[in-house]
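Data from upload_13.txt: compact mmCIF, C-alpha atoms and all ligand atoms
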```
# COMPACT_ATOMS: atom_id res chain seq x y z
CA MET A 117 -21.61 17.52 -4.52
CA GLN A 118 -25.05 16.52 -5.65
CA LEU A 119 -25.31 13.25 -7.61
CA GLY A 120 -28.99 12.79 -8.41
CA ARG A 121 -30.81 12.80 -5.09
CA ARG A 122 -27.67 11.92 -3.22
CA HIS A 123 -25.47 14.48 -1.47
CA ASP A 124 -21.78 13.68 -1.21
CA TYR A 125 -19.22 15.64 0.74
CA LEU A 126 -15.51 16.23 0.29
CA ILE A 127 -13.69 17.24 3.45
CA ASN A 128 -10.65 19.47 3.06
CA HIS A 129 -9.32 20.57 6.42
CA PRO A 130 -6.96 18.50 8.63
CA ASP A 131 -9.06 19.10 11.79
CA HIS A 132 -12.20 17.85 10.09
CA ILE A 133 -10.37 14.91 8.54
CA LYS A 134 -9.15 13.97 12.00
CA ALA A 135 -12.69 14.19 13.42
CA ILE A 136 -14.05 11.89 10.72
CA LEU A 137 -11.24 9.34 10.55
CA CYS A 138 -11.01 9.08 14.34
CA ALA A 139 -14.78 8.89 15.00
CA PRO A 140 -15.99 5.55 16.43
CA GLN A 141 -16.96 3.04 13.75
CA SER A 142 -20.56 3.07 14.96
CA GLU A 143 -20.71 6.73 13.85
CA MET A 144 -18.49 6.63 10.73
CA ALA A 145 -18.28 3.38 8.79
CA ARG A 146 -15.88 2.71 5.92
CA SER A 147 -17.71 2.64 2.62
CA THR A 148 -16.27 -0.19 0.53
CA PRO A 149 -16.98 -0.81 -3.18
CA PRO A 150 -19.21 -3.93 -3.54
CA ALA A 151 -16.71 -5.69 -5.87
CA LEU A 152 -14.09 -5.50 -3.14
CA LYS A 153 -16.46 -7.07 -0.61
CA ARG A 154 -17.17 -9.99 -2.92
CA LEU A 155 -13.48 -10.41 -3.52
CA LEU A 156 -12.21 -10.21 0.04
CA GLY A 157 -15.12 -11.61 2.06
CA ARG A 158 -14.89 -10.38 5.64
CA GLY A 159 -11.22 -9.39 5.92
CA LEU A 160 -9.99 -6.31 7.77
CA LEU A 161 -10.60 -4.00 4.82
CA THR A 162 -14.21 -4.96 4.27
CA SER A 163 -15.54 -5.97 7.70
CA GLN A 164 -17.20 -3.55 10.12
CA GLY A 165 -18.00 -2.91 13.78
CA ASP A 166 -17.24 -5.42 16.55
CA TYR A 167 -16.10 -8.13 14.12
CA HIS A 168 -13.54 -5.76 12.60
CA HIS A 169 -12.44 -4.49 16.00
CA ARG A 170 -11.90 -8.04 17.33
CA HIS A 171 -9.95 -9.14 14.25
CA LYS A 172 -7.77 -6.03 14.22
CA ARG A 173 -6.81 -6.65 17.84
CA MET A 174 -5.95 -10.27 17.07
CA LEU A 175 -3.93 -9.45 13.96
CA ALA A 176 -2.00 -6.50 15.36
CA PRO A 177 0.75 -8.63 17.02
CA ALA A 178 1.57 -10.17 13.61
CA PHE A 179 2.63 -6.69 12.44
CA HIS A 180 4.57 -5.74 15.55
CA LYS A 181 7.87 -3.90 14.94
CA GLU A 182 9.88 -6.91 16.06
CA ILE A 183 8.04 -9.22 13.66
CA VAL A 184 8.61 -6.78 10.78
CA ARG A 185 12.34 -6.81 11.63
CA GLN A 186 12.34 -10.57 11.13
CA TRP A 187 11.30 -10.04 7.52
CA ASN A 188 14.53 -8.14 6.82
CA LEU A 189 16.16 -11.07 5.03
CA THR A 190 13.05 -11.78 2.92
CA ILE A 191 12.99 -8.17 1.75
CA THR A 192 16.69 -7.74 1.08
CA THR A 193 17.05 -11.13 -0.67
CA HIS A 194 14.39 -10.17 -3.18
CA CYS A 195 15.90 -6.68 -3.68
CA GLU A 196 19.32 -8.23 -4.29
CA ARG A 197 17.91 -10.57 -6.93
CA LEU A 198 16.39 -7.67 -8.86
CA ARG A 199 19.52 -5.56 -8.44
CA ASP A 200 21.63 -8.33 -9.92
CA ARG A 201 19.23 -9.03 -12.76
CA TRP A 202 19.48 -5.51 -14.26
CA SER A 203 22.28 -4.49 -16.63
CA GLU A 204 23.55 -1.12 -17.77
CA GLY A 205 21.31 0.37 -20.48
CA ASP A 206 18.34 -2.01 -19.89
CA GLU A 207 14.89 -0.60 -20.49
CA ALA A 208 12.72 -1.79 -17.61
CA ASP A 209 8.97 -1.62 -17.07
CA ILE A 210 9.35 -0.21 -13.57
CA GLU A 211 5.68 -0.46 -12.58
CA TYR A 212 5.71 -4.18 -13.45
CA GLU A 213 9.07 -4.71 -11.75
CA MET A 214 7.87 -3.06 -8.54
CA LEU A 215 4.59 -5.03 -8.59
CA ARG A 216 6.48 -8.29 -9.04
CA LEU A 217 9.01 -7.41 -6.37
CA THR A 218 6.46 -6.43 -3.72
CA LEU A 219 4.24 -9.41 -4.60
CA ALA A 220 7.21 -11.74 -4.12
CA ILE A 221 8.02 -10.12 -0.74
CA VAL A 222 4.43 -10.09 0.48
CA LEU A 223 3.81 -13.70 -0.63
CA LYS A 224 6.88 -14.86 1.26
CA ALA A 225 6.05 -12.88 4.41
CA LEU A 226 2.37 -13.87 4.39
CA VAL A 227 2.33 -17.47 3.31
CA GLY A 228 5.98 -18.46 3.07
CA ALA A 229 5.71 -18.95 -0.70
CA GLU A 230 8.47 -18.22 -3.22
CA LEU A 231 7.23 -16.43 -6.31
CA GLU A 232 10.02 -17.93 -8.39
CA GLU A 233 9.68 -21.48 -7.15
CA GLY A 234 6.45 -22.97 -8.39
CA THR A 235 3.96 -20.46 -7.03
CA ASP A 236 3.39 -18.93 -10.44
CA GLU A 237 -0.10 -20.32 -10.10
CA MET A 238 -0.67 -18.29 -6.95
CA ALA A 239 0.91 -15.19 -8.50
CA ARG A 240 -1.36 -15.52 -11.53
CA ALA A 241 -4.45 -15.87 -9.34
CA ALA A 242 -3.34 -12.90 -7.23
CA ASN A 243 -2.76 -10.80 -10.34
CA THR A 244 -6.17 -11.57 -11.76
CA LEU A 245 -7.68 -10.64 -8.42
CA VAL A 246 -5.75 -7.39 -8.41
CA GLU A 247 -7.02 -6.64 -11.90
CA MET A 248 -10.52 -7.03 -10.54
CA THR A 249 -10.00 -4.01 -8.38
CA HIS A 250 -9.33 -1.92 -11.47
CA CYS A 251 -12.72 -0.43 -10.83
CA ARG A 252 -13.08 3.17 -9.78
CA THR A 253 -13.41 3.88 -6.09
CA LEU A 254 -16.64 5.83 -6.19
CA PRO A 255 -19.37 3.37 -5.13
CA VAL A 256 -21.94 4.55 -7.65
CA ILE A 257 -19.68 3.86 -10.62
CA ASP A 258 -18.55 0.56 -9.19
CA ASP A 259 -22.16 -0.68 -8.90
CA LEU A 260 -22.72 0.17 -12.51
CA LEU A 261 -19.53 -1.53 -13.65
CA ASP A 262 -20.53 -4.68 -11.76
CA LYS A 263 -23.78 -4.88 -13.65
CA ILE A 264 -22.22 -4.66 -17.08
CA ALA A 265 -18.92 -6.45 -16.56
CA LEU A 266 -19.98 -10.10 -16.80
CA GLY A 267 -16.63 -11.21 -18.26
CA ARG A 268 -14.82 -9.63 -15.36
CA ILE A 269 -17.04 -11.40 -12.87
CA ARG A 270 -16.41 -14.79 -14.49
CA ARG A 271 -12.65 -14.20 -14.48
CA PHE A 272 -12.85 -13.10 -10.86
CA LYS A 273 -14.71 -16.29 -9.86
CA ASP A 274 -12.10 -18.45 -11.61
CA ALA A 275 -9.19 -16.61 -10.00
CA SER A 276 -10.72 -16.54 -6.55
CA GLY A 277 -11.48 -20.29 -6.80
CA ARG A 278 -7.83 -20.96 -7.67
CA PHE A 279 -6.63 -18.72 -4.89
CA ASP A 280 -8.92 -20.43 -2.35
CA GLU A 281 -7.65 -23.88 -3.31
CA ILE A 282 -4.06 -22.77 -2.74
CA VAL A 283 -4.68 -20.95 0.54
CA TYR A 284 -6.78 -23.77 2.03
CA ARG A 285 -4.10 -26.27 1.00
CA MET A 286 -1.45 -24.13 2.71
CA ILE A 287 -3.57 -23.91 5.87
CA ARG A 288 -3.79 -27.75 5.95
CA GLU A 289 -0.05 -28.05 5.38
CA ARG A 290 0.73 -25.59 8.20
CA ARG A 291 -1.56 -27.47 10.57
CA ASP A 292 0.20 -30.75 9.75
CA ALA A 293 3.74 -29.31 9.79
CA ASN A 294 5.87 -30.14 12.83
CA ALA A 295 8.40 -27.33 12.48
CA PRO A 296 7.12 -23.78 13.09
CA VAL A 297 7.05 -21.54 10.00
CA ASN A 298 7.69 -17.83 10.31
CA ASP A 299 4.92 -16.26 8.26
CA LEU A 300 1.61 -14.47 8.78
CA LEU A 301 -0.43 -17.57 7.97
CA SER A 302 1.22 -19.45 10.83
CA ALA A 303 0.73 -16.46 13.12
CA LEU A 304 -2.99 -16.43 12.27
CA LEU A 305 -3.27 -20.15 12.97
CA ARG A 306 -1.68 -19.61 16.38
CA VAL A 307 -4.10 -16.85 17.46
CA ARG A 308 -6.07 -18.07 20.52
CA ASP A 309 -9.39 -16.89 21.84
CA GLU A 310 -8.70 -15.08 25.14
CA GLU A 311 -11.63 -16.74 26.95
CA THR A 312 -11.65 -20.31 25.64
CA GLY A 313 -7.99 -20.77 24.65
CA CYS A 314 -9.15 -22.45 21.40
CA ALA A 315 -8.06 -21.42 17.91
CA ALA A 316 -9.71 -18.04 17.40
CA LEU A 317 -9.99 -18.00 13.61
CA CYS A 318 -11.64 -20.59 11.38
CA ASP A 319 -10.20 -21.46 7.95
CA ASP A 320 -12.60 -19.15 6.10
CA GLU A 321 -11.62 -16.20 8.31
CA ILE A 322 -7.94 -16.95 7.76
CA ARG A 323 -8.51 -17.10 4.00
CA ASP A 324 -10.26 -13.70 4.03
CA GLU A 325 -7.54 -12.05 6.11
CA THR A 326 -4.70 -13.55 4.06
CA LEU A 327 -6.22 -12.46 0.76
CA THR A 328 -6.89 -9.00 2.20
CA MET A 329 -3.26 -8.55 3.24
CA LEU A 330 -2.02 -9.77 -0.11
CA MET A 331 -4.23 -7.35 -1.99
CA ALA A 332 -3.79 -4.37 0.36
CA GLY A 333 -0.08 -4.94 0.82
CA HIS A 334 1.56 -5.33 -2.53
CA GLU A 335 -0.04 -2.95 -5.03
CA THR A 336 0.06 0.05 -2.71
CA THR A 337 3.75 -0.34 -1.90
CA ALA A 338 4.61 -1.02 -5.57
CA HIS A 339 2.95 2.17 -6.75
CA ALA A 340 4.53 4.28 -4.01
CA LEU A 341 7.90 3.03 -5.27
CA THR A 342 7.07 3.50 -8.96
CA TRP A 343 6.25 7.17 -8.37
CA THR A 344 9.36 7.59 -6.23
CA TRP A 345 11.58 6.39 -9.13
CA TYR A 346 9.79 8.78 -11.46
CA LEU A 347 10.29 11.76 -9.10
CA LEU A 348 13.97 10.97 -8.53
CA SER A 349 14.51 10.82 -12.29
CA GLN A 350 13.12 14.35 -12.57
CA HIS A 351 15.13 15.79 -9.66
CA PRO A 352 18.84 15.04 -10.08
CA HIS A 353 19.81 17.12 -7.04
CA ALA A 354 17.67 14.98 -4.72
CA GLU A 355 18.88 11.83 -6.46
CA GLN A 356 22.54 12.79 -5.90
CA LYS A 357 21.88 13.62 -2.28
CA LEU A 358 20.26 10.21 -1.80
CA HIS A 359 23.20 8.43 -3.44
CA ALA A 360 25.66 10.37 -1.28
CA GLU A 361 23.82 9.36 1.91
CA LEU A 362 23.74 5.70 0.87
CA ASP A 363 27.43 5.70 -0.05
CA THR A 364 28.49 7.35 3.21
CA VAL A 365 26.38 5.29 5.57
CA LEU A 366 26.45 1.87 3.94
CA GLN A 367 29.93 1.91 2.37
CA GLY A 368 28.65 -0.40 -0.34
CA ARG A 369 27.12 -3.14 1.85
CA MET A 370 23.50 -4.20 1.51
CA PRO A 371 21.16 -2.11 3.75
CA ARG A 372 19.30 -3.77 6.65
CA ILE A 373 16.20 -2.68 8.55
CA ASP A 374 18.50 -1.58 11.38
CA ASP A 375 20.23 0.89 9.01
CA LEU A 376 17.07 2.80 8.16
CA GLU A 377 17.32 5.15 11.15
CA ALA A 378 20.71 6.25 9.86
CA LEU A 379 19.30 7.03 6.39
CA PRO A 380 17.03 10.04 7.04
CA TYR A 381 17.18 11.40 3.49
CA ASN A 382 16.02 8.04 2.10
CA ARG A 383 12.94 8.35 4.33
CA MET A 384 12.41 12.02 3.37
CA VAL A 385 12.38 11.10 -0.32
CA PHE A 386 9.84 8.30 0.18
CA SER A 387 7.65 10.51 2.42
CA GLU A 388 7.63 13.28 -0.17
CA ALA A 389 6.81 10.84 -2.98
CA MET A 390 3.80 9.56 -0.99
CA ARG A 391 2.73 13.16 -0.42
CA LEU A 392 2.58 13.92 -4.13
CA TYR A 393 1.42 10.48 -5.27
CA PRO A 394 -0.38 8.83 -2.34
CA PRO A 395 -1.08 5.20 -3.35
CA VAL A 396 -4.47 5.39 -1.58
CA TRP A 397 -5.61 8.74 -2.92
CA ILE A 398 -9.17 8.84 -1.52
CA VAL A 399 -11.17 7.09 1.21
CA ALA A 400 -14.88 7.13 1.85
CA ARG A 401 -17.03 6.98 4.98
CA ARG A 402 -20.77 6.79 5.63
CA ASN A 403 -22.61 7.90 8.71
CA PRO A 404 -25.57 5.62 9.64
CA ASN A 405 -27.09 8.43 11.73
CA ALA A 406 -27.12 12.23 11.44
CA TRP A 407 -23.63 13.39 12.37
CA SER A 408 -22.48 16.85 13.35
CA LEU A 409 -19.19 18.55 12.67
CA GLY A 410 -19.14 22.05 14.14
CA LYS A 411 -22.31 23.76 12.99
CA PHE A 412 -22.92 21.39 10.10
CA THR A 413 -24.95 18.18 10.27
CA PHE A 414 -24.50 15.43 7.70
CA PRO A 415 -27.79 13.69 6.91
CA PRO A 416 -27.82 9.93 7.66
CA GLY A 417 -26.25 7.80 4.90
CA SER A 418 -24.13 10.58 3.40
CA PHE A 419 -21.04 9.66 1.42
CA ILE A 420 -18.13 11.54 2.94
CA PHE A 421 -14.90 11.59 0.93
CA ILE A 422 -11.44 12.42 2.19
CA SER A 423 -8.70 12.71 -0.39
CA GLN A 424 -5.04 12.30 0.49
CA TYR A 425 -4.17 13.56 -3.00
CA LEU A 426 -5.98 16.86 -2.51
CA MET A 427 -5.12 17.50 1.13
CA GLN A 428 -1.44 16.71 0.67
CA ARG A 429 -1.20 19.22 -2.18
CA ASP A 430 -3.00 21.99 -0.30
CA ALA A 431 -1.08 25.28 -0.39
CA ARG A 432 -2.30 26.18 3.12
CA PHE A 433 0.02 23.52 4.50
CA PHE A 434 2.60 22.91 1.77
CA SER A 435 4.17 25.91 0.06
CA ASP A 436 4.62 25.45 -3.70
CA PRO A 437 2.59 22.26 -3.17
CA ASP A 438 3.15 20.52 -6.52
CA HIS A 439 6.93 20.77 -6.21
CA PHE A 440 8.91 17.70 -5.10
CA ASP A 441 10.99 18.79 -2.12
CA PRO A 442 12.18 16.13 0.35
CA GLU A 443 13.41 18.91 2.68
CA ARG A 444 9.80 19.35 3.82
CA TRP A 445 10.40 16.22 5.89
CA THR A 446 13.14 17.39 8.23
CA PRO A 447 11.71 16.77 11.75
CA GLU A 448 11.50 20.56 12.36
CA ALA A 449 9.58 21.30 9.14
CA ALA A 450 7.23 18.33 9.59
CA ALA A 451 6.43 19.38 13.19
CA GLN A 452 5.04 22.72 11.92
CA ARG A 453 2.17 21.05 10.05
CA PRO A 454 -1.06 19.62 11.47
CA ARG A 455 -1.09 15.81 11.80
CA TYR A 456 -3.85 15.24 9.25
CA SER A 457 -2.38 17.41 6.51
CA TYR A 458 -0.46 14.24 5.54
CA PHE A 459 -2.00 10.80 6.05
CA PRO A 460 -0.99 8.29 3.36
CA PHE A 461 -1.83 5.46 5.78
CA GLY A 462 -5.11 6.94 7.03
CA GLY A 463 -5.80 7.18 10.75
CA GLY A 464 -8.18 6.27 13.58
CA PRO A 465 -9.80 2.84 13.93
CA ARG A 466 -9.28 1.98 10.24
CA GLN A 467 -5.63 3.04 10.06
CA CYS A 468 -3.44 0.83 7.86
CA ILE A 469 -2.26 -2.23 9.80
CA GLY A 470 0.65 -2.77 7.41
CA GLU A 471 2.20 0.69 7.75
CA GLY A 472 5.39 -0.49 9.49
CA PHE A 473 5.83 -3.26 6.94
CA ALA A 474 5.23 -0.84 4.05
CA TRP A 475 7.89 1.59 5.32
CA ALA A 476 10.37 -1.24 5.76
CA VAL A 477 9.77 -2.60 2.25
CA GLY A 478 9.65 0.84 0.59
CA LEU A 479 12.81 2.15 2.25
CA LEU A 480 14.83 -1.03 1.77
CA VAL A 481 13.88 -1.31 -1.91
CA LEU A 482 14.71 2.34 -2.48
CA ALA A 483 18.05 2.13 -0.68
CA SER A 484 19.25 -1.17 -2.10
CA LEU A 485 18.38 -0.44 -5.74
CA SER A 486 19.64 3.19 -5.59
CA GLN A 487 22.93 1.95 -4.24
CA ARG A 488 23.77 0.47 -7.61
CA TRP A 489 21.39 1.99 -10.14
CA ARG A 490 19.77 5.24 -11.20
CA LEU A 491 16.71 5.26 -13.40
CA SER A 492 15.78 7.78 -16.09
CA LEU A 493 12.54 7.97 -18.06
CA ALA A 494 12.59 6.07 -21.36
CA PRO A 495 12.26 8.32 -24.42
CA GLY A 496 8.64 9.04 -25.26
CA GLN A 497 7.28 7.80 -21.89
CA ARG A 498 4.10 9.77 -21.18
CA ILE A 499 3.13 10.52 -17.60
CA ASP A 500 -0.43 10.87 -16.44
CA LEU A 501 -2.50 9.70 -13.49
CA GLU A 502 -4.87 6.76 -13.41
CA PRO A 503 -6.78 7.11 -10.16
CA LEU A 504 -8.17 3.60 -9.62
CA ILE A 505 -8.30 2.05 -6.14
CA THR A 506 -4.63 2.94 -6.06
CA LEU A 507 -3.05 5.85 -7.90
CA ARG A 508 -1.27 4.40 -10.93
CA PRO A 509 0.69 5.83 -13.84
CA LYS A 510 -1.75 5.73 -16.75
CA TYR A 511 0.84 4.78 -19.39
CA GLY A 512 3.08 2.63 -17.19
CA MET A 513 6.63 3.66 -16.28
CA ARG A 514 9.33 2.53 -18.71
CA MET A 515 12.76 3.57 -17.48
CA ILE A 516 16.39 3.16 -18.50
CA VAL A 517 18.72 1.55 -15.99
CA GLU A 518 22.14 3.21 -15.56
CA GLN A 519 24.95 2.63 -13.12
CA HIS A 520 25.05 4.98 -10.17
CA SER A 521 28.40 6.58 -11.02
CA ASN A 522 29.70 7.02 -7.46
CA ARG A 523 29.00 3.47 -6.46
CA THR A 524 31.54 2.04 -4.11
CA GLN A 525 30.94 -1.67 -4.80
C1 LIG A 601 2.69 2.28 0.81
C2 LIG A 601 1.92 1.27 1.16
C3 LIG A 601 0.55 1.38 1.78
C4 LIG A 601 -0.31 2.45 1.81
C5 LIG A 601 -0.10 3.85 1.24
C6 LIG A 601 -1.49 2.02 2.53
C7 LIG A 601 -2.57 2.83 2.82
C8 LIG A 601 -3.67 2.44 3.55
C9 LIG A 601 -4.76 3.33 3.94
C10 LIG A 601 -4.88 4.81 3.60
C11 LIG A 601 -5.63 2.60 4.66
C12 LIG A 601 -6.90 3.13 5.34
C13 LIG A 601 -8.06 3.24 4.39
C14 LIG A 601 -9.26 3.93 5.02
O1 LIG A 601 -9.10 4.71 5.94
O2 LIG A 601 -10.39 3.68 4.57
C15 LIG A 601 -5.13 1.23 4.71
C16 LIG A 601 -5.76 0.19 5.33
C17 LIG A 601 -5.27 -1.10 5.35
N1 LIG A 601 -4.04 -1.52 4.90
FE1 LIG A 601 -2.63 -0.40 4.01
N2 LIG A 601 -1.33 0.71 2.92
C18 LIG A 601 -0.09 0.28 2.49
C19 LIG A 601 0.48 -0.95 2.71
C20 LIG A 601 -0.12 -2.01 3.37
C21 LIG A 601 0.49 -3.27 3.66
C22 LIG A 601 1.95 -3.63 3.36
C23 LIG A 601 -0.46 -4.07 4.25
C24 LIG A 601 -0.38 -5.47 4.76
C25 LIG A 601 0.54 -6.35 4.51
C26 LIG A 601 -1.67 -3.26 4.35
C27 LIG A 601 -2.86 -3.69 4.87
C28 LIG A 601 -3.94 -2.88 5.14
C29 LIG A 601 -5.17 -3.34 5.76
C30 LIG A 601 -5.47 -4.77 6.18
C31 LIG A 601 -6.00 -2.23 5.91
C32 LIG A 601 -7.38 -2.18 6.54
C33 LIG A 601 -7.23 -1.76 7.99
C34 LIG A 601 -8.55 -1.58 8.72
O3 LIG A 601 -9.56 -1.31 8.09
O4 LIG A 601 -8.55 -1.72 9.94
N3 LIG A 601 -1.42 -2.02 3.82
N4 LIG A 601 -3.92 1.18 4.04
```
Output the structure of this file as structure tokens.
Amino acid sequence: MQLGRRHDYLINHPDHIKAILCAPQSEMARSTPPALKRLLGRGLLTSQGDYHHRHKRMLAPAFHKEIVRQWNLTITTHCERLRDRWSEGDEADIEYEMLRLTLAIVLKALVGAELEEGTDEMARAANTLVEMTHCRTLPVIDDLLDKIALGRIRRFKDASGRFDEIVYRMIRERRDANAPVNDLLSALLRVRDEETGCAALCDDEIRDETLTMLMAGHETTAHALTWTWYLLSQHPHAEQKLHAELDTVLQGRMPRIDDLEALPYNRMVFSEAMRLYPPVWIVARRNPNAWSLGKFTFPPGSFIFISQYLMQRDARFFSDPDHFDPERWTPEAAAQRPRYSYFPFGGGPRQCIGEGFAWAVGLLVLASLSQRWRLSLAPGQRIDLEPLITLRPKYGMRMIVEQHSNRTQ
């Protein structure tokens, strides 16, 4: 694509996507919109090179499978609260509900804060910050928006000031606390430099990483779930099959992380929803030096785009690609396709660090709410895409809550 004097590229084959995503960072750097850099400082999303590599290594243990398992209670407690709050016939703004639910879970797991108990201030700051990322992903448009959106920039500064106050206060409180707290903030404070044995991260670095996780973690998962509810409402056969699996395996008790292995259809539904509506629908890379792929050489400084949305709807790899069909995700069917025909969490050195956490939250929310409720689109609800940094429903997602008729509780 030629935009003025600039040449941009869109890559559309799994082998080439693999080559680009898995190239060393010195050859292929993530291209991040400037507004995001100002917002997140030097967190994992926005940092580059050795700094990024060092931080990713230090943060990885905080997302280890065993740590994610410890968040089981946090996740299920919040799901249970929402499940109990709904009543038959309610009309719910499902996008808002999912955003609030995942924000509450992520806040608790990251900084040990309860959304309901006095952290409204933090939630408000986080929400304003999330709104700031309502800019389009393409860097050229984002630059332009930055120049004209003075109001946005003022609101961003206010919100980020509020957020900083709260996070720095929490860091002080954790340092002073005698009893260990089980959250990411405490894990970051415990990280030690391998050579000196001293604390490896200063307060500013911890602030940047915490804010990054909060931003990267809650909106993505919320939108994956919002689209999943929409798809289930349109495919009653899949919905019934999901309910049958939940009824048989769980016998009416609340699901736990340990149950997820025994709920394959639940996972197939969520996988298929992220195929059709990948929360991160496009990523961009830039090559500092000329870079060759087969016979083609990208000039230095090219913008190279890779779109999950396009690749995951490509008829070469998915027959009848726009059709929602969870059966594509039986292990046998999935093994037939190349690895990078489906990559909602990216890959290579910049692969999503929160993938395990996102699966746990997504699958537990889906299972626990489906156990009691089914959702159908509210009359007149229009559906269209709004491809911002995440892929959102343009007109929201109002849905009617109805009892799942076979429920055993
Ligand atoms: C369904 C939910 C999620 C999806 C679809 C998703 C998707 C992605 C993708 C595609 C990338 C790579 C972007 C690129 O290659 O340029 C990424 C990176 C990242 N994600 Fe996620 N993510 C999700 C949830 C989470 C959660 C729960 C967290 C943390 C709590 C998180 C934290 C991050 C971070 C820190 C990065 C940057 C990693 C790096 O650059 O090394 N994400 N995510």
Give me the residues of chain A that have any atom at most 8 Å from an atom of ligand LIG 601 (chain A); for each, the nearest atom pair and the distance in Å, rounded to one decimal. Use only C-alpha atoms and all ligand atoms, sort by chain and number, and format it as a tab-separated table.
```
residue	atom	partner	partner_atom	distance
A:Leu137	CA	A:LIG601	O1	6.9
A:Arg146	CA	A:LIG601	O2	5.7
A:Ser147	CA	A:LIG601	O2	7.6
A:Gly159	CA	A:LIG601	C30	7.4
A:Leu160	CA	A:LIG601	O3	5.0
A:Leu161	CA	A:LIG601	C32	4.1
A:Thr162	CA	A:LIG601	O3	7.0
A:Ser163	CA	A:LIG601	O3	7.6
A:His168	CA	A:LIG601	O4	6.9
A:His169	CA	A:LIG601	O4	7.7
A:Lys172	CA	A:LIG601	O4	6.1
A:Val222	CA	A:LIG601	C25	6.7
A:Leu226	CA	A:LIG601	C25	7.7
A:Glu325	CA	A:LIG601	C30	7.6
A:Thr328	CA	A:LIG601	C30	6.0
A:Met329	CA	A:LIG601	C24	4.5
A:Leu330	CA	A:LIG601	C25	6.3
A:Met331	CA	A:LIG601	C27	7.9
A:Ala332	CA	A:LIG601	C26	4.7
A:Gly333	CA	A:LIG601	C21	3.3
A:His334	CA	A:LIG601	C22	6.1
A:Glu335	CA	A:LIG601	C2	7.7
A:Thr336	CA	A:LIG601	C2	4.5
A:Thr337	CA	A:LIG601	C2	3.9
A:Ala338	CA	A:LIG601	C1	7.4
A:His339	CA	A:LIG601	C1	7.6
A:Ala340	CA	A:LIG601	C1	5.5
A:Met390	CA	A:LIG601	C5	7.3
A:Pro394	CA	A:LIG601	C5	6.1
A:Pro395	CA	A:LIG601	C5	4.9
A:Val396	CA	A:LIG601	C10	5.2
A:Trp397	CA	A:LIG601	C10	7.6
A:Ile398	CA	A:LIG601	C10	7.8
A:Val399	CA	A:LIG601	O2	4.9
A:Ala400	CA	A:LIG601	O2	6.3
A:Arg401	CA	A:LIG601	O2	7.4
A:Phe459	CA	A:LIG601	C10	7.1
A:Pro460	CA	A:LIG601	C5	5.0
A:Phe461	CA	A:LIG601	C10	3.8
A:Gly462	CA	A:LIG601	C10	4.0
A:Gly463	CA	A:LIG601	O1	6.3
A:Gly464	CA	A:LIG601	O1	7.9
A:Pro465	CA	A:LIG601	O4	6.2
A:Arg466	CA	A:LIG601	O4	3.8
A:Gln467	CA	A:LIG601	C12	4.9
A:Cys468	CA	A:LIG601	C16	3.5
A:Ile469	CA	A:LIG601	C28	5.0
A:Gly470	CA	A:LIG601	C23	3.6
A:Glu471	CA	A:LIG601	C19	5.6
A:Gly472	CA	A:LIG601	C22	7.7
A:Phe473	CA	A:LIG601	C22	5.3
A:Ala474	CA	A:LIG601	C22	4.4
A:Trp475	CA	A:LIG601	C1	6.9
A:Val477	CA	A:LIG601	C22	8.0
A:Gly478	CA	A:LIG601	C1	7.1
```
Near A:Pro454, counting all atoms listed in the file, which residues have an atom at most 9 Å away, once you skip same-chain residues fewer than 4 positions from it, shown as a PDB file with C-alpha atoms, in the frame of the given file?
```pdb
ATOM      1  CA  PRO A 130      -6.960  18.500   8.630  1.00  0.00           C
ATOM      2  CA  ASP A 131      -9.060  19.100  11.790  1.00  0.00           C
ATOM      3  CA  PHE A 433       0.020  23.520   4.500  1.00  0.00           C
ATOM      4  CA  ALA A 450       7.230  18.330   9.590  1.00  0.00           C
ATOM      5  CA  TYR A 458      -0.460  14.240   5.540  1.00  0.00           C
TER       6      TYR A 458
END
```
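The two atoms in question, atom CA of A:Phe386 and atom CA of A:Ala476, are spaced 11.1 Å apart.
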Exercise. List as a PyMOL selection string: which residues have an atom within 8 Å of (5.9, 18.9, 4.4), counting all atoms listed in the file?
Worked result: chain A and resi 388+433-434+442-445+449-450+453+458
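Take the candidates A:Ala360, A:Leu317, A:Leu219, A:Ala208 and check each one against A:Leu491 using only C-alpha atoms; the shortest distance goes to A:Ala208.
Each of A:Tyr456, A:Val307, A:Gln141, A:Asn128 was compared to A:Pro404 using all atoms listed in the file, and A:Gln141 turns out to be the nearest.
Straight-line separation from atom CA of A:Phe421 to atom CA of A:Asp500: 22.6 Å.
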Exercise. Please, which residues are within 9 Å of (17.4, -3.6, 5.0) by the file's coordinates, counting only C-alpha atoms, and could they come as a PyMOL selection string?
Worked result: chain A and resi 185+188-189+191-192+370-376+476-477+479-481+483-484
For this session: Please indicate the distance in Å from atom CA of A:Thr446 to atom CA of A:Met384, rounded to one decimal place.
Result: 7.3 Å
Show me, as JSON, the centre and edge lengths in Å to one decimal of the axis-aligned box that covers every listed atom of stretch 476-488 of chain A with 3 Å on each side.
```
{"center_x": 16.7, "center_y": 0.3, "center_z": -0.9, "size_x": 20.1, "size_y": 11.8, "size_z": 19.4}
```
